[in-house]
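**Student:** What follows is model.tsv, made up of TSV, C-alpha atoms and all ligand atoms:
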```tsv
chain	number	residue	atom	x	y	z
A	2	MET	CA	233.96	118.99	63.63
A	3	LYS	CA	234.14	115.51	62.21
A	4	LYS	CA	232.74	114.97	58.73
A	5	THR	CA	229.75	112.69	58.40
A	6	ILE	CA	229.73	109.35	56.65
A	7	LEU	CA	226.57	107.52	55.71
A	8	THR	CA	226.35	104.23	53.96
A	9	GLY	CA	223.88	101.40	53.73
A	10	LEU	CA	223.55	97.69	53.13
A	11	ARG	CA	220.49	95.73	52.10
A	12	PRO	CA	219.88	92.92	54.58
A	13	THR	CA	219.26	90.19	52.00
A	14	GLY	CA	222.20	87.87	52.71
A	15	ASN	CA	225.43	87.46	54.63
A	16	LEU	CA	228.57	89.39	53.80
A	17	HIS	CA	231.09	87.72	51.50
A	18	LEU	CA	234.71	88.41	50.56
A	19	GLY	CA	233.55	90.89	47.94
A	20	HIS	CA	232.07	93.06	50.69
A	21	LEU	CA	235.04	92.58	52.96
A	22	PHE	CA	237.71	93.54	50.44
A	23	GLY	CA	235.50	96.15	48.80
A	24	ALA	CA	233.64	98.73	50.86
A	25	GLY	CA	234.03	96.75	54.11
A	26	GLN	CA	237.73	97.54	54.41
A	27	ASN	CA	236.92	101.21	54.08
A	28	TYR	CA	234.30	101.08	56.80
A	29	VAL	CA	236.87	99.75	59.24
A	30	LYS	CA	239.50	102.23	58.10
A	31	LEU	CA	237.22	105.26	58.22
A	32	GLN	CA	235.47	104.58	61.51
A	33	ASP	CA	238.07	106.36	63.65
A	34	ASP	CA	237.90	109.75	62.01
A	35	TYR	CA	234.29	110.34	61.02
A	36	ASP	CA	230.83	110.65	62.45
A	37	PHE	CA	229.67	107.36	60.93
A	38	TYR	CA	226.10	106.15	60.26
A	39	LEU	CA	225.70	102.64	58.89
A	40	GLU	CA	222.20	101.87	57.75
A	41	ILE	CA	220.74	98.40	57.60
A	42	ALA	CA	218.47	99.21	54.67
A	43	ASP	CA	215.49	96.98	55.35
A	44	VAL	CA	213.01	99.30	53.61
A	45	GLN	CA	215.17	99.27	50.49
A	46	ALA	CA	215.53	95.48	50.72
A	47	LEU	CA	211.74	95.20	50.79
A	48	THR	CA	211.43	97.01	47.46
A	49	ASP	CA	212.27	93.75	45.76
A	50	ASN	CA	211.66	91.34	48.63
A	51	PHE	CA	208.26	92.61	49.75
A	52	ASN	CA	206.88	89.10	49.41
A	53	ASN	CA	209.63	87.64	51.56
A	54	PRO	CA	209.69	89.67	54.77
A	55	GLU	CA	211.13	86.82	56.88
A	56	LYS	CA	214.28	86.87	54.77
A	57	VAL	CA	214.79	90.59	55.38
A	58	ARG	CA	214.04	90.28	59.09
A	59	GLU	CA	216.45	87.39	59.62
A	60	ASN	CA	219.24	89.10	57.68
A	61	ILE	CA	219.17	92.26	59.79
A	62	LYS	CA	220.73	90.31	62.66
A	63	GLU	CA	222.98	88.32	60.34
A	64	ILE	CA	224.45	91.31	58.57
A	65	THR	CA	224.89	93.22	61.83
A	66	MET	CA	226.91	90.34	63.25
A	67	ASP	CA	228.95	90.17	60.04
A	68	LEU	CA	229.74	93.87	60.31
A	69	LEU	CA	230.79	93.56	63.93
A	70	ALA	CA	232.86	90.51	62.99
A	71	ILE	CA	234.91	92.38	60.39
A	72	GLY	CA	235.86	94.95	63.01
A	73	ILE	CA	233.21	97.65	62.97
A	74	ASP	CA	233.28	99.13	66.45
A	75	PRO	CA	229.77	99.98	67.65
A	76	LYS	CA	231.22	102.68	69.89
A	77	LYS	CA	232.42	104.49	66.77
A	78	VAL	CA	229.77	103.59	64.21
A	79	ASN	CA	226.03	104.05	64.65
A	80	ILE	CA	224.52	100.94	63.11
A	81	PHE	CA	220.78	101.50	62.69
A	82	ILE	CA	217.67	100.01	61.12
A	83	GLN	CA	216.16	102.09	58.33
A	84	SER	CA	212.50	101.31	59.05
A	85	LYS	CA	212.88	102.46	62.66
A	86	ILE	CA	213.39	106.00	61.37
A	87	PRO	CA	210.15	106.92	59.59
A	88	GLU	CA	211.54	110.43	59.01
A	89	ILE	CA	213.49	108.87	56.12
A	90	ALA	CA	210.23	107.75	54.52
A	91	GLU	CA	208.81	111.22	55.04
A	92	LEU	CA	211.76	112.85	53.32
A	93	THR	CA	211.46	110.34	50.47
A	94	VAL	CA	207.92	111.57	49.81
A	95	PHE	CA	209.11	115.18	49.61
A	96	TYR	CA	211.97	114.25	47.29
A	97	SER	CA	209.69	112.29	45.00
A	98	ASN	CA	208.42	115.58	43.57
A	99	LEU	CA	211.94	116.55	42.56
A	100	VAL	CA	212.73	113.66	40.25
A	101	THR	CA	211.03	112.54	37.05
A	102	VAL	CA	209.97	109.01	36.26
A	103	SER	CA	212.00	109.04	33.06
A	104	ARG	CA	215.14	110.11	34.95
A	105	LEU	CA	214.72	107.13	37.28
A	106	GLN	CA	214.19	104.81	34.34
A	107	ARG	CA	217.41	106.09	32.81
A	108	ASN	CA	219.44	105.58	35.99
A	109	PRO	CA	222.08	103.00	34.94
A	110	THR	CA	221.90	101.02	38.20
A	111	VAL	CA	218.10	100.84	38.07
A	112	LYS	CA	218.24	100.06	34.35
A	113	SER	CA	220.55	97.10	34.78
A	114	GLU	CA	218.50	95.80	37.71
A	115	ILE	CA	215.35	96.03	35.61
A	116	ALA	CA	217.13	94.19	32.78
A	117	GLN	CA	218.10	91.43	35.24
A	118	LYS	CA	214.51	91.12	36.41
A	119	LYS	CA	213.30	90.84	32.84
A	120	GLU	CA	215.79	88.06	32.26
A	121	LEU	CA	214.65	86.29	35.42
A	122	PHE	CA	210.92	86.72	35.02
A	123	GLY	CA	210.77	86.97	31.26
A	124	ASN	CA	208.22	89.78	31.09
A	125	ASP	CA	208.53	93.29	29.77
A	126	GLY	CA	208.83	95.14	33.02
A	127	GLU	CA	205.35	94.63	34.40
A	128	SER	CA	206.86	93.39	37.63
A	129	ILE	CA	208.58	96.72	38.23
A	130	THR	CA	206.81	98.37	41.13
A	131	TYR	CA	206.53	102.05	41.94
A	132	GLY	CA	208.53	101.36	45.11
A	133	PHE	CA	211.35	99.66	43.27
A	134	LEU	CA	211.64	102.40	40.64
A	135	GLY	CA	211.76	104.92	43.46
A	136	TYR	CA	214.41	103.33	45.61
A	137	PRO	CA	217.12	105.77	44.46
A	138	VAL	CA	214.92	108.58	45.82
A	139	SER	CA	214.70	106.79	49.14
A	140	GLN	CA	218.48	106.29	49.07
A	141	ALA	CA	218.93	110.04	48.55
A	142	ALA	CA	216.84	110.55	51.70
A	143	ASP	CA	219.00	107.99	53.57
A	144	ILE	CA	222.11	109.97	52.79
A	145	THR	CA	220.93	113.52	53.18
A	146	ILE	CA	218.86	113.09	56.33
A	147	PHE	CA	222.21	112.54	58.07
A	148	ASN	CA	223.96	115.27	56.11
A	149	GLY	CA	226.17	112.51	54.71
A	150	GLU	CA	229.23	114.04	53.09
A	151	LEU	CA	231.12	110.87	52.24
A	152	VAL	CA	229.47	107.65	51.09
A	153	PRO	CA	231.73	104.57	50.98
A	154	VAL	CA	230.30	102.31	48.28
A	155	GLY	CA	231.20	100.05	45.39
A	156	ASP	CA	231.31	101.59	41.91
A	157	ASP	CA	227.94	100.04	41.00
A	158	GLN	CA	226.40	102.65	43.31
A	159	LEU	CA	227.81	105.72	41.55
A	160	PRO	CA	224.66	106.43	39.51
A	161	LEU	CA	222.65	106.40	42.74
A	162	LEU	CA	225.01	108.95	44.23
A	163	GLU	CA	224.67	111.13	41.14
A	164	GLN	CA	220.89	110.88	41.43
A	165	CYS	CA	221.14	112.00	45.04
A	166	ARG	CA	223.32	114.97	44.13
A	167	GLU	CA	220.78	116.05	41.51
A	168	ILE	CA	217.97	115.91	44.06
A	169	VAL	CA	220.06	117.97	46.50
A	170	ARG	CA	220.73	120.64	43.86
A	171	LYS	CA	217.08	120.76	42.87
A	172	PHE	CA	215.97	121.02	46.50
A	173	ASN	CA	218.46	123.78	47.29
A	174	SER	CA	217.55	125.74	44.17
A	175	ILE	CA	213.83	125.70	45.01
A	176	TYR	CA	213.78	125.85	48.81
A	177	GLY	CA	217.10	127.56	49.57
A	178	ASP	CA	220.48	126.23	50.57
A	179	THR	CA	219.68	123.44	53.04
A	180	LEU	CA	221.30	120.15	51.98
A	181	LYS	CA	224.87	119.01	51.37
A	182	GLU	CA	225.93	117.25	48.15
A	183	PRO	CA	227.52	113.93	49.10
A	184	GLU	CA	230.56	112.38	47.51
A	185	ALA	CA	231.30	108.71	46.89
A	186	TYR	CA	234.27	107.16	48.64
A	187	LEU	CA	235.49	104.28	46.48
A	188	SER	CA	237.80	101.51	47.60
A	189	LYS	CA	240.98	100.69	45.68
A	190	THR	CA	239.64	97.24	45.00
A	191	THR	CA	236.08	98.07	44.18
A	192	ARG	CA	235.32	94.61	42.91
A	193	ILE	CA	236.37	91.13	43.89
A	194	LYS	CA	236.07	88.45	41.26
A	195	GLY	CA	234.02	85.32	41.87
A	196	LEU	CA	235.34	81.76	42.20
A	197	ASP	CA	234.12	81.16	38.66
A	198	GLY	CA	236.21	84.01	37.25
A	199	ASN	CA	233.22	86.31	36.88
A	200	ASP	CA	234.17	89.99	37.31
A	201	LYS	CA	231.94	90.28	40.34
A	202	MET	CA	231.46	88.16	43.42
A	203	GLY	CA	227.76	88.11	44.16
A	204	LYS	CA	225.08	86.17	45.93
A	205	SER	CA	222.91	85.82	42.85
A	206	LEU	CA	225.91	84.57	40.85
A	207	GLY	CA	226.56	81.69	43.27
A	208	ASN	CA	230.31	82.33	43.16
A	209	ALA	CA	230.95	83.81	46.60
A	210	ILE	CA	232.84	82.84	49.73
A	211	TYR	CA	230.88	84.01	52.77
A	212	LEU	CA	232.49	85.03	56.04
A	213	VAL	CA	230.20	82.53	57.79
A	214	ASP	CA	231.04	79.60	55.47
A	215	SER	CA	232.33	76.59	57.40
A	216	GLU	CA	235.87	75.35	56.78
A	217	GLU	CA	234.40	72.43	54.89
A	218	THR	CA	232.24	74.63	52.66
A	219	ILE	CA	235.22	76.82	51.91
A	220	ALA	CA	237.30	73.77	50.98
A	221	ASN	CA	234.57	72.51	48.64
A	222	LYS	CA	234.17	75.89	46.99
A	223	ILE	CA	237.90	76.43	46.47
A	224	MET	CA	238.36	72.93	45.05
A	225	LYS	CA	235.92	73.96	42.29
A	226	ALA	CA	237.53	77.36	41.58
A	227	VAL	CA	238.47	78.11	38.00
A	228	THR	CA	242.16	77.65	37.06
A	229	ASP	CA	244.13	78.21	33.83
A	230	PRO	CA	242.12	76.22	31.25
A	231	ASN	CA	245.29	75.57	29.21
A	232	LYS	CA	246.86	73.61	32.02
A	233	ILE	CA	245.85	69.99	31.45
A	234	LYS	CA	248.42	67.95	33.36
A	235	LYS	CA	249.79	68.52	36.84
A	236	ASP	CA	253.24	69.46	35.52
A	237	ASP	CA	252.15	71.77	32.71
A	238	PRO	CA	253.38	75.34	33.12
A	239	ALA	CA	250.46	77.74	33.60
A	240	ASN	CA	249.53	81.39	33.73
A	241	PRO	CA	248.66	82.48	37.30
A	242	ASP	CA	247.10	85.69	36.02
A	243	VAL	CA	244.09	83.82	34.63
A	244	CYS	CA	243.75	81.54	37.67
A	245	MET	CA	241.22	82.29	40.39
A	246	VAL	CA	243.18	80.25	42.91
A	247	TYR	CA	246.16	82.54	42.46
A	248	TYR	CA	243.83	85.55	42.56
A	249	TYR	CA	242.65	84.53	46.04
A	250	HIS	CA	246.18	83.65	47.15
A	251	LYS	CA	246.93	87.30	46.45
A	252	LEU	CA	244.17	88.38	48.83
A	253	VAL	CA	245.08	86.21	51.81
A	254	ASN	CA	248.67	84.97	51.41
A	255	ASP	CA	251.90	86.71	52.45
A	256	GLU	CA	254.25	88.16	49.87
A	257	ASP	CA	257.04	85.60	50.15
A	258	SER	CA	254.73	82.61	49.79
A	259	LEU	CA	253.01	84.38	46.93
A	260	LYS	CA	256.26	84.64	44.98
A	261	VAL	CA	256.78	80.90	45.39
A	262	VAL	CA	253.23	80.12	44.25
A	263	CYS	CA	253.66	82.31	41.19
A	264	SER	CA	257.04	81.03	40.05
A	265	GLU	CA	256.22	77.36	40.67
A	266	CYS	CA	252.97	77.74	38.76
A	267	LYS	CA	254.73	79.33	35.80
A	268	LYS	CA	257.39	76.60	35.76
A	269	GLY	CA	254.91	73.77	36.01
A	270	ALA	CA	256.36	72.80	39.39
A	271	ARG	CA	253.04	73.00	41.27
A	272	GLY	CA	249.86	71.07	40.70
A	273	CYS	CA	246.51	72.81	41.05
A	274	VAL	CA	245.26	70.44	43.74
A	275	LEU	CA	248.17	71.22	46.04
A	276	CYS	CA	247.83	74.91	45.28
A	277	LYS	CA	244.12	74.80	46.15
A	278	LYS	CA	244.82	72.95	49.39
A	279	GLU	CA	247.32	75.62	50.40
A	280	LEU	CA	244.79	78.31	49.62
A	281	ILE	CA	242.12	76.54	51.69
A	282	ASN	CA	244.44	76.61	54.71
A	283	LYS	CA	245.35	80.26	54.19
A	284	MET	CA	241.74	81.28	53.67
A	285	ASN	CA	240.60	79.49	56.81
A	286	GLU	CA	243.43	81.04	58.78
A	287	PHE	CA	242.47	84.46	57.44
A	288	LEU	CA	238.80	84.05	58.36
A	289	LYS	CA	239.43	82.54	61.78
A	290	PRO	CA	239.66	85.76	63.83
A	291	ILE	CA	236.61	87.14	62.01
A	292	LYS	CA	234.61	84.04	62.88
A	293	GLU	CA	235.82	84.12	66.47
A	294	ARG	CA	234.67	87.69	66.87
A	295	ARG	CA	231.34	86.80	65.28
A	296	LYS	CA	230.88	83.91	67.68
A	297	GLN	CA	230.93	86.30	70.65
A	298	TYR	CA	227.92	88.08	69.19
A	299	GLU	CA	226.16	84.87	68.13
A	300	ASP	CA	226.39	83.77	71.75
A	301	ASN	CA	225.02	87.08	72.97
A	302	PRO	CA	222.00	88.13	70.84
A	303	GLU	CA	220.95	90.64	73.51
A	304	LEU	CA	224.15	92.56	72.90
A	305	VAL	CA	223.46	92.71	69.15
A	306	LYS	CA	219.96	93.99	69.88
A	307	GLU	CA	221.35	96.63	72.20
A	308	ILE	CA	223.92	97.79	69.62
A	309	LEU	CA	221.16	98.25	67.05
A	310	GLU	CA	218.93	100.05	69.53
A	311	ASN	CA	221.68	102.45	70.57
A	312	GLY	CA	222.74	103.17	66.98
A	313	THR	CA	219.13	103.70	65.95
A	314	LYS	CA	218.49	106.12	68.80
A	315	ILE	CA	221.44	108.33	67.87
A	316	ALA	CA	220.52	108.19	64.18
A	317	LYS	CA	216.92	109.06	64.93
A	318	ASP	CA	217.87	112.19	66.87
A	319	LYS	CA	220.02	113.36	64.00
A	320	ALA	CA	217.28	112.64	61.44
A	321	LYS	CA	214.68	114.55	63.46
A	322	GLU	CA	216.92	117.59	63.60
A	323	GLN	CA	217.45	117.54	59.84
A	324	MET	CA	213.71	117.16	59.18
A	325	LYS	CA	213.06	120.33	61.16
A	326	LYS	CA	215.33	122.20	58.77
A	327	VAL	CA	213.76	120.57	55.72
A	328	ARG	CA	210.21	121.36	56.84
A	329	LYS	CA	211.15	124.95	57.58
A	330	ALA	CA	212.81	125.37	54.17
A	331	MET	CA	209.72	123.86	52.49
A	332	LYS	CA	207.40	126.11	54.49
A	333	ILE	CA	205.54	123.14	55.93
A	334	ASP	CA	206.63	123.71	59.51
A	335	TYR	CA	203.10	124.45	60.70
B	401	LIG	N1	221.85	100.49	47.52
B	401	LIG	C1	222.85	99.98	48.41
B	401	LIG	C2	223.17	98.54	47.99
B	401	LIG	O1	222.36	97.90	47.39
B	401	LIG	C3	222.45	100.00	49.85
B	401	LIG	C4	222.13	101.37	50.40
B	401	LIG	C5	220.95	101.77	50.96
B	401	LIG	C6	223.00	102.49	50.46
B	401	LIG	N2	221.02	103.05	51.34
B	401	LIG	C7	222.24	103.53	51.07
B	401	LIG	C8	224.32	102.73	50.07
B	401	LIG	C9	222.79	104.80	51.26
B	401	LIG	C10	224.87	104.01	50.27
B	401	LIG	C11	224.10	105.03	50.86
B	401	LIG	O2	224.23	98.06	48.31
```
What would the structure in this file look like if it were written as structure tokens?
Ligand code: TRP
**Tutor:**
Amino acid sequence: MKKTILTGLRPTGNLHLGHLFGAGQNYVKLQDDYDFYLEIADVQALTDNFNNPEKVRENIKEITMDLLAIGIDPKKVNIFIQSKIPEIAELTVFYSNLVTVSRLQRNPTVKSEIAQKKELFGNDGESITYGFLGYPVSQAADITIFNGELVPVGDDQLPLLEQCREIVRKFNSIYGDTLKEPEAYLSKTTRIKGLDGNDKMGKSLGNAIYLVDSEETIANKIMKAVTDPNKIKKDDPANPDVCMVYYYHKLVNDEDSLKVVCSECKKGARGCVLCKKELINKMNEFLKPIKERRKQYEDNPELVKEILENGTKIAKDKAKEQMKKVRKAMKIDY
């Protein structure tokens, strides 16, 4: 029997290179050998976008097309919409008894998200809703309702996985052995740096290259990428290791060209403008097949709808089966 993989994405924006080179690569790699459930986590997205439902709605289609564009095969992966499976919400309610408020407040991922909100809104946490604080509980339900054994994620999600494992242990110890403890599956490159040199590429940081960016947008973004600050003149030797342009060359360029870029940069035989222009070409070449694949789905929205409906149907059947077991174990199978 194939092992089960479950992972999720909040539909709040398009996929960028950080997703593609991070967990995205793993999705594509793992899809052949596992029973794979990929959740479009609209309920989770609403925990901090409840006042912006149009954004979540629109991004369900967008993110699905992005996933198909990077090579997720809908025949192998069940892509489904979280809110269409109310059993997940039901399980979340049962799990909410098994986790304390203080444990959630201490969860490092939740903690840093709360800190960010405080910075943004400048209050002392009054904007933190019950739903937001509880989203790790809902995520534990996402994973375990499918018996997810492996969870491909970025390392920022590890505390959420740990929280899930704790809930599983607590459940099993009270109601009997019913649930599996999931494990994280991390990518080698868990994090892609932003164009500004920030350790993380992210939407809120404004330093991302999106798969859907036009060639012109990509050119503009790369022209502004951070290079070695000690290089003043075109012919100054520079250090490629502190240059974001070189960093992205490494992601999309071939090895031979890369050696040339590196040695010319070190010798001062390559200006940054030329180097950026070369990267723009390579990046656009790299993204071309992804965009072409995406276009087929953009031109055929019915097909995207069908893929989501099929994935959701299969996921729903599996969730229903698991809820039967859960209800029986909890003695609420009246
Ligand atoms: N929290 C994840 C994120 O923000 C998305 C997510 C929702 C998820 N449900 C999940 C990830 C279940 C792994 C497993 O990216």
**Student:** Using Å and a single decimal, report how far CA of Tyr247 in chain A sits from CA of Gly269 in chain A.
**Tutor:**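 Taking CA of Gly269 in chain A and CA of Tyr247 in chain A, their separation equals 14.0 Å.
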**Student:** Nearest to Val305 in chain A: which of A:Val57, A:Ile6, A:Leu69, A:Met331 is it, counting all atoms listed in the file?
**Tutor:**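 Looking at the shortest contact to Val305 in chain A, the residue is A:Leu69.
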**Student:** Check which residues fall inside 10 Å of ligand LIG 401 (chain B) when counting only C-alpha atoms and all ligand atoms, and print them as a VMD selection string.
**Tutor:** chain A and resid 6 to 13 20 24 38 to 46 83 110 136 to 145 149 151 to 155 157 to 159 161 to 162 165 183 185
**Student:** Which residues of range 163-280 of chain A come within 10 Å of range 290-299 of chain A, and what is each one's closest atom pair and distance in Å (one decimal), counting only C-alpha atoms, sorted by chain and residue number, as a tab-separated table?
**Tutor:**
```
residue	atom	partner	partner_atom	distance
A:Leu212	CA	A:Lys292	CA	7.2
A:Val213	CA	A:Lys292	CA	6.9
A:Asp214	CA	A:Lys292	CA	9.3
A:Ser215	CA	A:Lys292	CA	9.5
```
**Student:** Next, write the just-selected residues to a file, as an mmCIF file, keeping the file's coordinate frame, keeping C-alpha atoms as the atom set.
**Tutor:**
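Just written: result-v8.cif:
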```cif
data_model
loop_
_atom_site.group_PDB
_atom_site.id
_atom_site.type_symbol
_atom_site.label_atom_id
_atom_site.label_comp_id
_atom_site.auth_asym_id
_atom_site.auth_seq_id
_atom_site.Cartn_x
_atom_site.Cartn_y
_atom_site.Cartn_z
ATOM 1 C CA LEU A 212 232.490 85.030 56.040
ATOM 2 C CA VAL A 213 230.200 82.530 57.790
ATOM 3 C CA ASP A 214 231.040 79.600 55.470
ATOM 4 C CA SER A 215 232.330 76.590 57.400
#
```
**Student:** I need the residue nearest Arg192 in chain A from this list: A:Gly14, A:Gly312, A:Pro302, A:Gly19. Use only C-alpha atoms for the distance.
**Tutor:**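 So, comparing all the options, the nearest one is A:Gly19.
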**Student:** Find the residue from A:Ile71, A:Met202, A:Leu134, A:Ile308 that sits nearest to Lys289 in chain A; use only C-alpha atoms when measuring.
**Tutor:**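 For Lys289 in chain A, the nearest of the candidates is A:Ile71.
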**Student:** In Å, how far is it from CA of Pro54 in chain A to CA of Asp300 in chain A?
**Tutor:**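 Those two atoms sit 24.5 Å apart.
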**Student:** Choose the residue, out of A:Ala209, A:Ser188, A:Gly132, A:Phe172, that has the smallest atom-to-atom separation from Thr48 in chain A; count all atoms listed in the file.
**Tutor:**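 Between A:Ala209, A:Ser188, A:Gly132, A:Phe172, the residue approaching Thr48 in chain A most closely is A:Gly132.
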**Student:** Just range 183-192 of chain A, please, as a PDB file, in the first residue's frame (only all heavy atoms).
**Tutor:**
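Listed below is the output, result_10.pdb:
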```pdb
ATOM      1  N   PRO A 183       2.100  12.159  11.978  1.00  0.00           N
ATOM      2  CA  PRO A 183       2.724  12.502  10.700  1.00  0.00           C
ATOM      3  C   PRO A 183       4.165  12.976  10.871  1.00  0.00           C
ATOM      4  O   PRO A 183       4.576  13.366  11.961  1.00  0.00           O
ATOM      5  CB  PRO A 183       1.861  13.667  10.213  1.00  0.00           C
ATOM      6  CG  PRO A 183       1.420  14.330  11.476  1.00  0.00           C
ATOM      7  CD  PRO A 183       1.267  13.246  12.508  1.00  0.00           C
ATOM      8  N   GLU A 184       4.892  12.904   9.776  1.00  0.00           N
ATOM      9  CA  GLU A 184       6.261  13.430   9.782  1.00  0.00           C
ATOM     10  C   GLU A 184       6.407  14.496   8.706  1.00  0.00           C
ATOM     11  O   GLU A 184       5.814  14.373   7.628  1.00  0.00           O
ATOM     12  CB  GLU A 184       7.235  12.307   9.436  1.00  0.00           C
ATOM     13  CG  GLU A 184       7.787  11.605  10.638  1.00  0.00           C
ATOM     14  CD  GLU A 184       8.628  10.420  10.217  1.00  0.00           C
ATOM     15  OE1 GLU A 184       9.571  10.610   9.425  1.00  0.00           O
ATOM     16  OE2 GLU A 184       8.297   9.310  10.667  1.00  0.00           O
ATOM     17  N   ALA A 185       7.258  15.482   8.993  1.00  0.00           N
ATOM     18  CA  ALA A 185       7.505  16.524   7.985  1.00  0.00           C
ATOM     19  C   ALA A 185       8.444  15.974   6.920  1.00  0.00           C
ATOM     20  O   ALA A 185       9.305  15.149   7.211  1.00  0.00           O
ATOM     21  CB  ALA A 185       8.140  17.736   8.634  1.00  0.00           C
ATOM     22  N   TYR A 186       8.263  16.417   5.703  1.00  0.00           N
ATOM     23  CA  TYR A 186       9.203  16.091   4.636  1.00  0.00           C
ATOM     24  C   TYR A 186       9.772  17.421   4.147  1.00  0.00           C
ATOM     25  O   TYR A 186       9.094  18.197   3.493  1.00  0.00           O
ATOM     26  CB  TYR A 186       8.477  15.358   3.503  1.00  0.00           C
ATOM     27  CG  TYR A 186       9.393  14.816   2.440  1.00  0.00           C
ATOM     28  CD1 TYR A 186       9.784  13.481   2.432  1.00  0.00           C
ATOM     29  CD2 TYR A 186       9.882  15.646   1.435  1.00  0.00           C
ATOM     30  CE1 TYR A 186      10.628  12.983   1.462  1.00  0.00           C
ATOM     31  CE2 TYR A 186      10.741  15.159   0.456  1.00  0.00           C
ATOM     32  CZ  TYR A 186      11.108  13.823   0.478  1.00  0.00           C
ATOM     33  OH  TYR A 186      11.946  13.342  -0.491  1.00  0.00           O
ATOM     34  N   LEU A 187      11.016  17.689   4.529  1.00  0.00           N
ATOM     35  CA  LEU A 187      11.608  18.990   4.190  1.00  0.00           C
ATOM     36  C   LEU A 187      12.380  18.919   2.881  1.00  0.00           C
ATOM     37  O   LEU A 187      12.953  17.891   2.548  1.00  0.00           O
ATOM     38  CB  LEU A 187      12.568  19.435   5.296  1.00  0.00           C
ATOM     39  CG  LEU A 187      11.933  19.803   6.634  1.00  0.00           C
ATOM     40  CD1 LEU A 187      13.010  20.144   7.641  1.00  0.00           C
ATOM     41  CD2 LEU A 187      10.955  20.961   6.488  1.00  0.00           C
ATOM     42  N   SER A 188      12.399  20.028   2.160  1.00  0.00           N
ATOM     43  CA  SER A 188      13.187  20.070   0.927  1.00  0.00           C
ATOM     44  C   SER A 188      14.626  20.457   1.264  1.00  0.00           C
ATOM     45  O   SER A 188      14.890  21.044   2.310  1.00  0.00           O
ATOM     46  CB  SER A 188      12.613  21.085  -0.047  1.00  0.00           C
ATOM     47  OG  SER A 188      11.827  22.013   0.622  1.00  0.00           O
ATOM     48  N   LYS A 189      15.540  20.111   0.361  1.00  0.00           N
ATOM     49  CA  LYS A 189      16.944  20.468   0.582  1.00  0.00           C
ATOM     50  C   LYS A 189      17.086  21.977   0.681  1.00  0.00           C
ATOM     51  O   LYS A 189      17.739  22.508   1.562  1.00  0.00           O
ATOM     52  CB  LYS A 189      17.809  19.920  -0.556  1.00  0.00           C
ATOM     53  CG  LYS A 189      18.290  18.517  -0.277  1.00  0.00           C
ATOM     54  CD  LYS A 189      19.337  18.105  -1.308  1.00  0.00           C
ATOM     55  CE  LYS A 189      18.965  16.746  -1.869  1.00  0.00           C
ATOM     56  NZ  LYS A 189      18.606  16.741  -3.273  1.00  0.00           N
ATOM     57  N   THR A 190      16.470  22.662  -0.278  1.00  0.00           N
ATOM     58  CA  THR A 190      16.463  24.120  -0.197  1.00  0.00           C
ATOM     59  C   THR A 190      15.128  24.532   0.398  1.00  0.00           C
ATOM     60  O   THR A 190      14.144  24.643  -0.303  1.00  0.00           O
ATOM     61  CB  THR A 190      16.548  24.746  -1.607  1.00  0.00           C
ATOM     62  OG1 THR A 190      15.701  23.973  -2.464  1.00  0.00           O
ATOM     63  CG2 THR A 190      17.941  24.771  -2.142  1.00  0.00           C
ATOM     64  N   THR A 191      15.123  24.678   1.717  1.00  0.00           N
ATOM     65  CA  THR A 191      13.829  24.982   2.328  1.00  0.00           C
ATOM     66  C   THR A 191      13.448  26.439   2.114  1.00  0.00           C
ATOM     67  O   THR A 191      12.299  26.796   2.180  1.00  0.00           O
ATOM     68  CB  THR A 191      13.832  24.689   3.836  1.00  0.00           C
ATOM     69  OG1 THR A 191      15.020  25.204   4.364  1.00  0.00           O
ATOM     70  CG2 THR A 191      13.696  23.223   4.101  1.00  0.00           C
ATOM     71  N   ARG A 192      14.444  27.263   1.861  1.00  0.00           N
ATOM     72  CA  ARG A 192      14.149  28.680   1.744  1.00  0.00           C
ATOM     73  C   ARG A 192      14.882  29.323   0.590  1.00  0.00           C
ATOM     74  O   ARG A 192      16.073  29.116   0.417  1.00  0.00           O
ATOM     75  CB  ARG A 192      14.594  29.388   3.017  1.00  0.00           C
ATOM     76  CG  ARG A 192      13.390  29.937   3.712  1.00  0.00           C
ATOM     77  CD  ARG A 192      13.694  30.486   5.015  1.00  0.00           C
ATOM     78  NE  ARG A 192      12.660  30.020   5.916  1.00  0.00           N
ATOM     79  CZ  ARG A 192      12.520  30.452   7.131  1.00  0.00           C
ATOM     80  NH1 ARG A 192      13.372  31.324   7.612  1.00  0.00           N
ATOM     81  NH2 ARG A 192      11.541  30.008   7.864  1.00  0.00           N
TER      82      ARG A 192
END
```
